[in-house]
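File shown here: final.txt, holding compact mmCIF, C-alpha atoms.
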```
# COMPACT_ATOMS: atom_id res chain seq x y z
CA MET A 133 0.00 0.00 0.00
CA VAL A 134 1.33 3.45 -0.98
CA ARG A 135 0.84 6.37 1.40
CA VAL A 136 1.30 9.88 0.01
CA ASP A 137 3.22 11.92 2.57
CA ALA A 138 3.53 15.35 0.93
CA PHE A 139 3.05 17.40 -2.22
CA PHE A 140 5.51 19.97 -3.53
CA ASP A 141 4.90 22.52 -6.27
CA ASP A 142 7.22 24.84 -8.17
CA ARG A 143 4.50 27.47 -7.84
CA VAL A 144 3.98 28.28 -4.18
CA ASP A 145 3.17 31.97 -4.64
CA ASP A 146 0.08 33.56 -6.19
CA ARG A 147 0.42 31.30 -9.25
CA CYS A 148 -0.54 28.26 -7.20
CA ASP A 149 -4.13 27.13 -7.56
CA PRO A 150 -5.98 28.30 -4.39
CA ARG A 151 -7.56 24.87 -4.07
CA LEU A 152 -4.10 23.24 -3.89
CA ARG A 153 -2.43 25.59 -1.40
CA PRO A 154 -3.70 23.73 1.70
CA ILE A 155 -2.05 20.46 0.59
CA VAL A 156 1.20 21.85 -0.87
CA THR A 157 4.06 21.40 1.61
CA GLY A 158 6.50 23.73 -0.13
CA GLY A 159 8.51 24.54 -3.22
CA LEU A 160 11.00 22.39 -5.10
CA ASP A 161 13.92 23.89 -3.20
CA VAL A 162 12.90 22.09 0.01
CA VAL A 163 12.11 18.66 -1.46
CA ALA A 164 15.55 17.12 -0.76
CA GLU A 165 15.60 18.44 2.81
CA TYR A 166 12.12 17.03 3.50
CA VAL A 167 12.98 13.65 1.96
CA ALA A 168 16.13 13.31 4.09
CA LYS A 169 14.47 14.48 7.30
CA PHE A 170 11.45 12.17 7.11
CA GLU A 171 13.24 9.25 5.39
CA ILE A 172 10.91 9.21 2.38
CA ASP A 173 11.09 6.01 0.31
CA SER A 174 9.98 7.28 -3.10
CA VAL A 175 9.72 10.58 -4.96
CA TYR A 176 7.52 10.99 -8.05
CA ILE A 177 8.39 13.90 -10.33
CA THR A 178 5.48 15.14 -12.45
CA LEU A 179 6.99 18.27 -13.95
CA PRO A 180 6.28 18.93 -17.66
CA ILE A 181 8.52 17.02 -20.10
CA LEU A 182 9.84 20.29 -21.55
CA ASP A 183 10.94 21.52 -18.12
CA GLN A 184 14.27 19.69 -18.38
CA PRO A 185 16.52 22.06 -16.34
CA ARG A 186 14.28 21.93 -13.25
CA ILE A 187 13.91 18.15 -13.56
CA ILE A 188 17.70 17.71 -13.68
CA ASN A 189 18.23 20.09 -10.75
CA LEU A 190 15.63 18.29 -8.65
CA VAL A 191 17.08 14.85 -9.44
CA ASN A 192 20.59 16.05 -8.60
CA SER A 193 19.39 17.48 -5.27
CA LEU A 194 17.93 14.09 -4.38
CA ARG A 195 21.11 12.11 -5.10
CA ASP A 196 22.24 12.62 -1.51
CA THR A 197 19.19 10.75 -0.23
CA THR A 198 18.26 7.06 -0.40
CA ALA A 199 14.85 7.73 -1.95
CA SER A 200 13.84 5.98 -5.19
CA ILE A 201 13.13 8.57 -7.85
CA TYR A 202 10.45 8.15 -10.54
CA PHE A 203 9.64 10.48 -13.40
CA VAL A 204 5.99 10.51 -14.45
CA PRO A 205 5.79 11.96 -17.99
CA ASP A 206 2.69 13.94 -18.88
CA VAL A 207 1.66 11.67 -21.75
CA PHE A 208 -1.92 12.90 -21.50
CA MET A 209 -0.86 15.96 -23.47
CA PHE A 210 -1.27 13.62 -26.46
CA ASP A 211 -4.48 12.10 -27.79
CA LEU A 212 -3.56 8.62 -26.60
CA VAL A 213 -4.54 5.55 -28.60
CA GLN A 214 -3.68 2.18 -27.03
CA ALA A 215 -0.93 3.74 -24.87
CA ARG A 216 1.37 1.30 -23.09
CA LEU A 217 4.90 0.90 -21.77
CA ASP A 218 7.45 -0.96 -23.89
CA SER A 219 11.18 -1.17 -24.46
CA VAL A 220 13.41 -1.01 -27.52
CA ASN A 221 16.80 -2.69 -27.05
CA GLY A 222 16.41 -2.19 -23.32
CA VAL A 223 15.47 1.49 -23.63
CA PRO A 224 12.04 2.21 -22.04
CA VAL A 225 9.53 3.85 -24.35
CA ILE A 226 5.89 4.90 -24.06
CA SER A 227 3.54 4.03 -26.86
CA VAL A 228 1.41 7.12 -27.55
CA PHE A 229 -0.44 6.00 -30.70
CA GLU A 230 -0.47 2.32 -31.60
CA SER A 231 -2.70 -0.29 -33.17
CA PRO A 232 -4.69 -2.30 -30.62
CA LEU A 233 -4.10 -5.37 -32.78
CA VAL A 234 -0.64 -6.47 -31.68
CA GLY A 235 0.40 -9.78 -30.15
CA ILE A 236 -2.43 -12.04 -29.01
CA ASN A 237 -5.03 -9.39 -29.87
CA ALA A 238 -4.12 -9.74 -33.56
CA VAL A 239 -4.56 -13.53 -33.31
CA HIS A 240 -7.97 -13.18 -31.65
CA LYS A 241 -9.15 -10.64 -34.24
CA ARG A 242 -8.01 -12.77 -37.19
CA PHE A 243 -9.62 -15.92 -35.76
CA PHE A 244 -12.86 -14.01 -35.21
CA ASP A 245 -12.79 -12.71 -38.80
CA LEU A 246 -12.12 -16.14 -40.31
CA VAL A 247 -14.85 -17.88 -38.35
CA VAL A 248 -17.53 -15.22 -38.88
CA SER A 249 -16.82 -14.58 -42.58
CA GLY A 250 -16.55 -18.30 -43.31
CA LEU A 251 -19.86 -19.13 -41.64
CA ILE A 252 -21.68 -16.22 -43.29
CA LEU A 253 -20.35 -17.14 -46.75
CA LEU A 254 -21.52 -20.73 -46.32
CA VAL A 255 -25.03 -19.54 -45.47
CA ILE A 256 -25.39 -16.80 -48.09
CA ALA A 257 -23.58 -18.41 -51.04
CA PRO A 258 -26.89 -19.11 -52.88
CA ILE A 259 -28.01 -15.50 -52.31
CA MET A 260 -24.75 -14.18 -53.74
CA VAL A 261 -25.18 -16.34 -56.85
CA ILE A 262 -28.70 -14.95 -57.37
CA ILE A 263 -27.53 -11.34 -56.88
CA ALA A 264 -24.67 -11.88 -59.34
CA ALA A 265 -27.09 -13.20 -61.95
CA LEU A 266 -29.49 -10.27 -61.45
CA VAL A 267 -26.68 -7.70 -61.75
CA LYS A 268 -25.56 -9.29 -65.02
CA LEU A 269 -29.08 -9.50 -66.45
CA THR A 270 -30.34 -6.02 -65.48
CA SER A 271 -27.49 -3.76 -66.61
CA LYS A 272 -24.38 -3.71 -68.76
CA GLY A 273 -21.02 -4.11 -67.10
CA PRO A 274 -19.20 -6.51 -64.78
CA VAL A 275 -20.89 -8.26 -61.87
CA PHE A 276 -18.29 -7.10 -59.38
CA PHE A 277 -16.99 -3.58 -58.86
CA LYS A 278 -13.51 -3.28 -57.42
CA GLN A 279 -11.88 -0.11 -56.23
CA ARG A 280 -8.47 0.81 -54.79
CA ARG A 281 -8.68 1.79 -51.15
CA TYR A 282 -6.31 2.16 -48.23
CA GLY A 283 -5.95 -0.79 -45.90
CA MET A 284 -3.99 -1.25 -42.70
CA ASP A 285 -0.97 1.08 -42.41
CA GLY A 286 -2.11 2.92 -45.54
CA ASP A 287 -1.30 0.06 -47.94
CA GLU A 288 -3.48 -0.03 -51.04
CA ILE A 289 -5.94 -2.90 -51.34
CA TRP A 290 -8.67 -3.85 -53.80
CA VAL A 291 -12.14 -3.82 -52.23
CA TYR A 292 -14.92 -5.84 -53.89
CA LYS A 293 -18.63 -5.01 -54.15
CA PHE A 294 -21.55 -6.04 -56.32
CA ARG A 295 -21.80 -3.38 -59.02
CA SER A 296 -24.67 -1.04 -58.16
CA MET A 297 -23.95 1.78 -60.61
CA SER A 298 -23.69 2.19 -64.34
CA VAL A 299 -20.09 3.43 -63.85
CA CYS A 300 -17.00 1.96 -62.17
CA GLU A 301 -15.03 4.97 -60.97
CA ASP A 302 -11.53 4.50 -59.61
CA GLY A 303 -9.45 7.49 -60.65
CA ALA A 304 -8.00 10.67 -59.24
CA LYS A 305 -11.55 11.93 -58.64
CA VAL A 306 -14.36 9.74 -57.33
CA THR A 307 -17.83 11.20 -56.82
CA GLN A 308 -19.75 9.82 -53.84
CA ALA A 309 -23.25 8.48 -54.39
CA THR A 310 -25.99 10.96 -53.49
CA LYS A 311 -29.72 10.71 -52.99
CA ASN A 312 -31.53 9.93 -56.28
CA ASP A 313 -28.14 9.51 -57.99
CA ALA A 314 -28.77 8.83 -61.69
CA ARG A 315 -25.73 6.54 -61.84
CA VAL A 316 -27.33 4.01 -59.46
CA THR A 317 -29.20 1.23 -61.25
CA ARG A 318 -32.68 0.12 -60.15
CA LEU A 319 -31.28 -3.11 -58.72
CA GLY A 320 -28.31 -1.19 -57.34
CA ALA A 321 -30.61 1.05 -55.31
CA ILE A 322 -32.01 -2.03 -53.55
CA LEU A 323 -28.57 -3.52 -53.02
CA ARG A 324 -27.20 -0.30 -51.54
CA LYS A 325 -30.23 0.26 -49.33
CA THR A 326 -29.92 -3.21 -47.82
CA SER A 327 -26.08 -3.25 -47.90
CA LEU A 328 -26.20 -6.43 -50.00
CA ASP A 329 -23.73 -4.81 -52.38
CA GLU A 330 -21.10 -5.15 -49.62
CA LEU A 331 -21.33 -8.96 -49.38
CA PRO A 332 -18.32 -9.65 -51.66
CA GLN A 333 -16.16 -7.93 -49.05
CA LEU A 334 -16.45 -11.14 -47.04
CA ILE A 335 -13.94 -12.43 -49.61
CA ASN A 336 -11.66 -9.53 -48.66
CA VAL A 337 -11.97 -10.64 -45.04
CA LEU A 338 -10.99 -14.22 -45.88
CA GLN A 339 -8.03 -12.90 -47.88
CA GLY A 340 -6.91 -10.88 -44.86
CA SER A 341 -7.10 -7.39 -46.36
CA MET A 342 -10.24 -6.45 -44.40
CA SER A 343 -12.01 -7.29 -41.13
CA ILE A 344 -15.66 -7.85 -40.32
CA VAL A 345 -15.54 -4.74 -38.09
CA GLY A 346 -13.28 -1.71 -38.52
CA PRO A 347 -13.21 1.77 -40.06
CA ARG A 348 -14.89 1.75 -43.46
CA PRO A 349 -12.36 2.00 -46.31
CA HIS A 350 -12.65 5.12 -48.46
CA ALA A 351 -11.66 5.49 -52.10
CA VAL A 352 -8.01 6.50 -52.45
CA ALA A 353 -9.07 9.82 -53.99
CA HIS A 354 -11.22 10.59 -50.93
CA ASN A 355 -8.38 9.65 -48.57
CA GLU A 356 -5.97 12.00 -50.29
CA HIS A 357 -8.56 14.78 -50.11
CA TYR A 358 -9.59 14.43 -46.46
CA ARG A 359 -6.18 13.62 -44.95
CA LYS A 360 -5.20 17.21 -45.73
CA LEU A 361 -8.31 18.65 -44.11
CA ILE A 362 -8.90 16.54 -40.98
CA HIS A 363 -6.25 16.30 -38.27
CA GLY A 364 -5.40 12.70 -37.43
CA TYR A 365 -7.38 11.32 -40.37
CA MET A 366 -4.83 8.62 -41.26
CA GLY A 367 -4.87 7.25 -37.70
CA ARG A 368 -7.94 5.23 -38.68
CA HIS A 369 -5.63 3.05 -40.77
CA LYS A 370 -3.91 1.50 -37.72
CA VAL A 371 -6.32 -1.43 -38.09
CA LYS A 372 -7.75 -3.24 -41.10
CA PRO A 373 -10.79 -1.58 -42.67
CA GLY A 374 -14.10 -3.26 -41.94
CA ILE A 375 -17.35 -4.16 -43.66
CA THR A 376 -19.05 -2.27 -40.85
CA GLY A 377 -17.75 -0.06 -38.07
CA TRP A 378 -18.51 1.99 -34.97
CA ALA A 379 -19.04 5.13 -37.06
CA GLN A 380 -21.61 3.40 -39.29
CA VAL A 381 -23.77 2.24 -36.37
CA SER A 382 -23.46 5.67 -34.71
CA GLY A 383 -25.14 7.71 -37.43
CA PHE A 384 -22.25 8.24 -39.86
CA ARG A 385 -23.22 5.76 -42.56
CA GLY A 386 -23.69 6.85 -46.16
CA GLU A 387 -22.73 10.10 -47.83
CA THR A 388 -20.20 12.39 -46.13
CA ASP A 389 -20.96 15.54 -48.10
CA THR A 390 -19.58 17.93 -45.46
CA ILE A 391 -16.34 18.13 -43.48
CA ASP A 392 -18.34 17.88 -40.24
CA LYS A 393 -19.77 14.51 -41.26
CA MET A 394 -16.36 13.14 -42.19
CA GLU A 395 -14.83 14.49 -38.97
CA GLY A 396 -17.58 12.73 -37.03
CA ARG A 397 -16.81 9.49 -38.82
CA VAL A 398 -13.08 9.82 -38.13
CA LEU A 399 -13.66 10.60 -34.42
CA HIS A 400 -15.75 7.44 -34.06
CA ASP A 401 -13.12 5.40 -35.92
CA ILE A 402 -10.42 6.61 -33.52
CA ALA A 403 -12.72 5.88 -30.56
CA TYR A 404 -13.02 2.32 -31.91
CA LEU A 405 -9.22 1.99 -31.89
CA LYS A 406 -9.04 3.24 -28.31
CA ASN A 407 -11.69 0.85 -27.01
CA TRP A 408 -11.33 -2.20 -29.25
CA SER A 409 -12.32 -5.63 -27.97
CA ILE A 410 -13.90 -8.74 -29.48
CA TRP A 411 -17.03 -7.94 -27.46
CA LEU A 412 -17.21 -4.48 -29.06
CA ASP A 413 -16.96 -6.12 -32.51
CA ILE A 414 -19.89 -8.40 -31.64
CA VAL A 415 -21.98 -5.45 -30.42
CA ILE A 416 -21.27 -3.54 -33.64
CA MET A 417 -22.25 -6.57 -35.75
CA PHE A 418 -25.67 -6.85 -34.08
CA LYS A 419 -26.20 -3.09 -34.29
CA THR A 420 -25.41 -3.30 -38.02
CA VAL A 421 -28.05 -5.98 -38.62
CA LYS A 422 -30.62 -3.83 -36.81
CA LEU A 423 -29.55 -0.73 -38.72
CA VAL A 424 -29.86 -2.30 -42.17
CA PHE A 425 -33.61 -2.77 -41.72
CA LYS A 426 -34.38 0.83 -40.78
CA ASP A 427 -31.53 2.99 -42.09
CA THR A 428 -32.40 6.01 -44.25
CA GLN A 429 -28.87 7.24 -44.92
CA ALA A 430 -27.76 4.63 -47.47
CA TYR A 431 -28.40 5.29 -51.15
```
For this file, produce the structure as structure tokens.
Amino acid sequence: MVRVDAFFDDRVDDRCDPRLRPIVTGGLDVVAEYVAKFEIDSVYITLPILDQPRIINLVNSLRDTTASIYFVPDVFMFDLVQARLDSVNGVPVISVFESPLVGINAVHKRFFDLVVSGLILLVIAPIMVIIAALVKLTSKGPVFFKQRRYGMDGDEIWVYKFRSMSVCEDGAKVTQATKNDARVTRLGAILRKTSLDELPQLINVLQGSMSIVGPRPHAVAHNEHYRKLIHGYMGRHKVKPGITGWAQVSGFRGETDTIDKMEGRVLHDIAYLKNWSIWLDIVIMFKTVKLVFKDTQAY
């Protein structure tokens, strides 16, 4: 059990928060004297990382005592994602922004993806055959639409969908589908409304380029556009993109025609990274099924 004996602050004059004055024992210049007098076991230094001279002076003043000295870096100045302690060749480091899918977590996620995608494909294989035939019979063009998108760590991947439009855009400029979009075929409108056009992405999951749950992959052209406008946008690529995601079940499915909408999607994607667990993936899956039957934002 740790008992806190005293607090010291470098601001003991009028700059000190009035609420803290009753518990502050003194300034930094009396720390060493107090530690020696009362035989303190441990000292925790919480000065700002940039305040190097005062940190060094304080450490040096404590070298004549037997107290253990610990430096507590203010890592909360960063927007932490999966923060943890680690070491590189014996040098301690603090992870500030990292993928949650490292070590055993990556194994659990991959196993979950393989089992779920495999079972779903076994069940819906006849449905996919019927959809493929209808796409081919009702409009000119290929059955499948594939588009370059960014996967984990920003690597380009090909994402598959049933073709729902009369065009197959994948260039420097890609126009998002809008309400009553003339490019969407009659069958395509049904497929997009029910998300059936996304079913071929289960093949992406089996291949390992996507997950069942994760941030939705955007067209490369959209990525290059928004990464310049939204701070931290590329952080969403620290995990594999998903068929569905936390943003999609939180009201950010469909067209992102404003910066605010895309920022909202990115914030939810980052929140997913911070809080990832297999249980969260399961919750998102069930929310997705419920959403498909009543969603008005997909077209």
Please define a box with edges along x, y and z of the file around all atoms of range 194-210 of chain A given in the file, extend it by 3 Å on each side, and return its centre and edge lengths in Å to one decimal, as AutoDock Vina command-line options.
```
--center_x 10.2 --center_y 11.0 --center_z -13.3 --size_x 30.2 --size_y 16.0 --size_z 32.2
```
Which range 231-285 of chain A residues have any atom within 9 Å of an atom of range 398-417 of chain A, and for each, what is the nearest pair of atoms with distance in Å to one decimal, counting only C-alpha atoms, rows sorted by chain and number, as CSV?
```
residue,atom,partner,partner_atom,distance
A:Ser231,CA,A:Leu405,CA,7.0
A:Pro232,CA,A:Leu405,CA,6.4
A:Leu233,CA,A:Trp408,CA,8.6
A:Asn237,CA,A:Ser409,CA,8.4
A:His240,CA,A:Ile410,CA,7.7
A:Lys241,CA,A:Ile410,CA,7.0
A:Phe244,CA,A:Ile410,CA,7.9
```
One-decimal distance in Å that lies between CA of Gly283 in chain A and CA of Phe243 in chain A:
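Value for the CA of Phe243 in chain A-CA of Gly283 in chain A distance: 18.6 Å.
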Near Arg281 in chain A, counting only C-alpha atoms, which residues have an atom at most 6 Å away, once you skip same-chain residues fewer than 6 positions from it, shown as JSON, numbers by chain?
{"A": [288, 289, 350, 351, 352]}
Could you check how far CA of Gln333 in chain A sits from CA of Phe277 in chain A, in Å to one decimal?
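It comes out at 10.8 Å.
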Among listed residues A:Tyr166, A:Ala257, A:Asp161, A:Pro373, nearest Ala138 in chain A (using all atoms listed in the file):
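Once distances to Ala138 in chain A are computed over all atoms listed in the file, the minimum belongs to A:Tyr166.
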Let me make sure I understand: among A:Ser219, A:Ser200, A:Ser193, A:Asn336, which one has the smallest atom-to-atom distance to Ser249 in chain A if we use all atoms listed in the file?
A:Asn336
Could you tell me which of A:Ala353, A:Ile335, A:Gly346, A:Ile256 comes closest to Gln279 in chain A if we count all atoms listed in the file?
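For Gln279 in chain A, the nearest of the candidates is A:Ala353.
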Determine, counting only C-alpha atoms, which protein, DNA and RNA residues have an atom within 12 Å of an atom of Ile187 in chain A; residues of the same chain fewer than 5 positions away are not included. Present the result as number ranges by chain.
A: 142, 160-161, 176-182, 192-194, 201-205
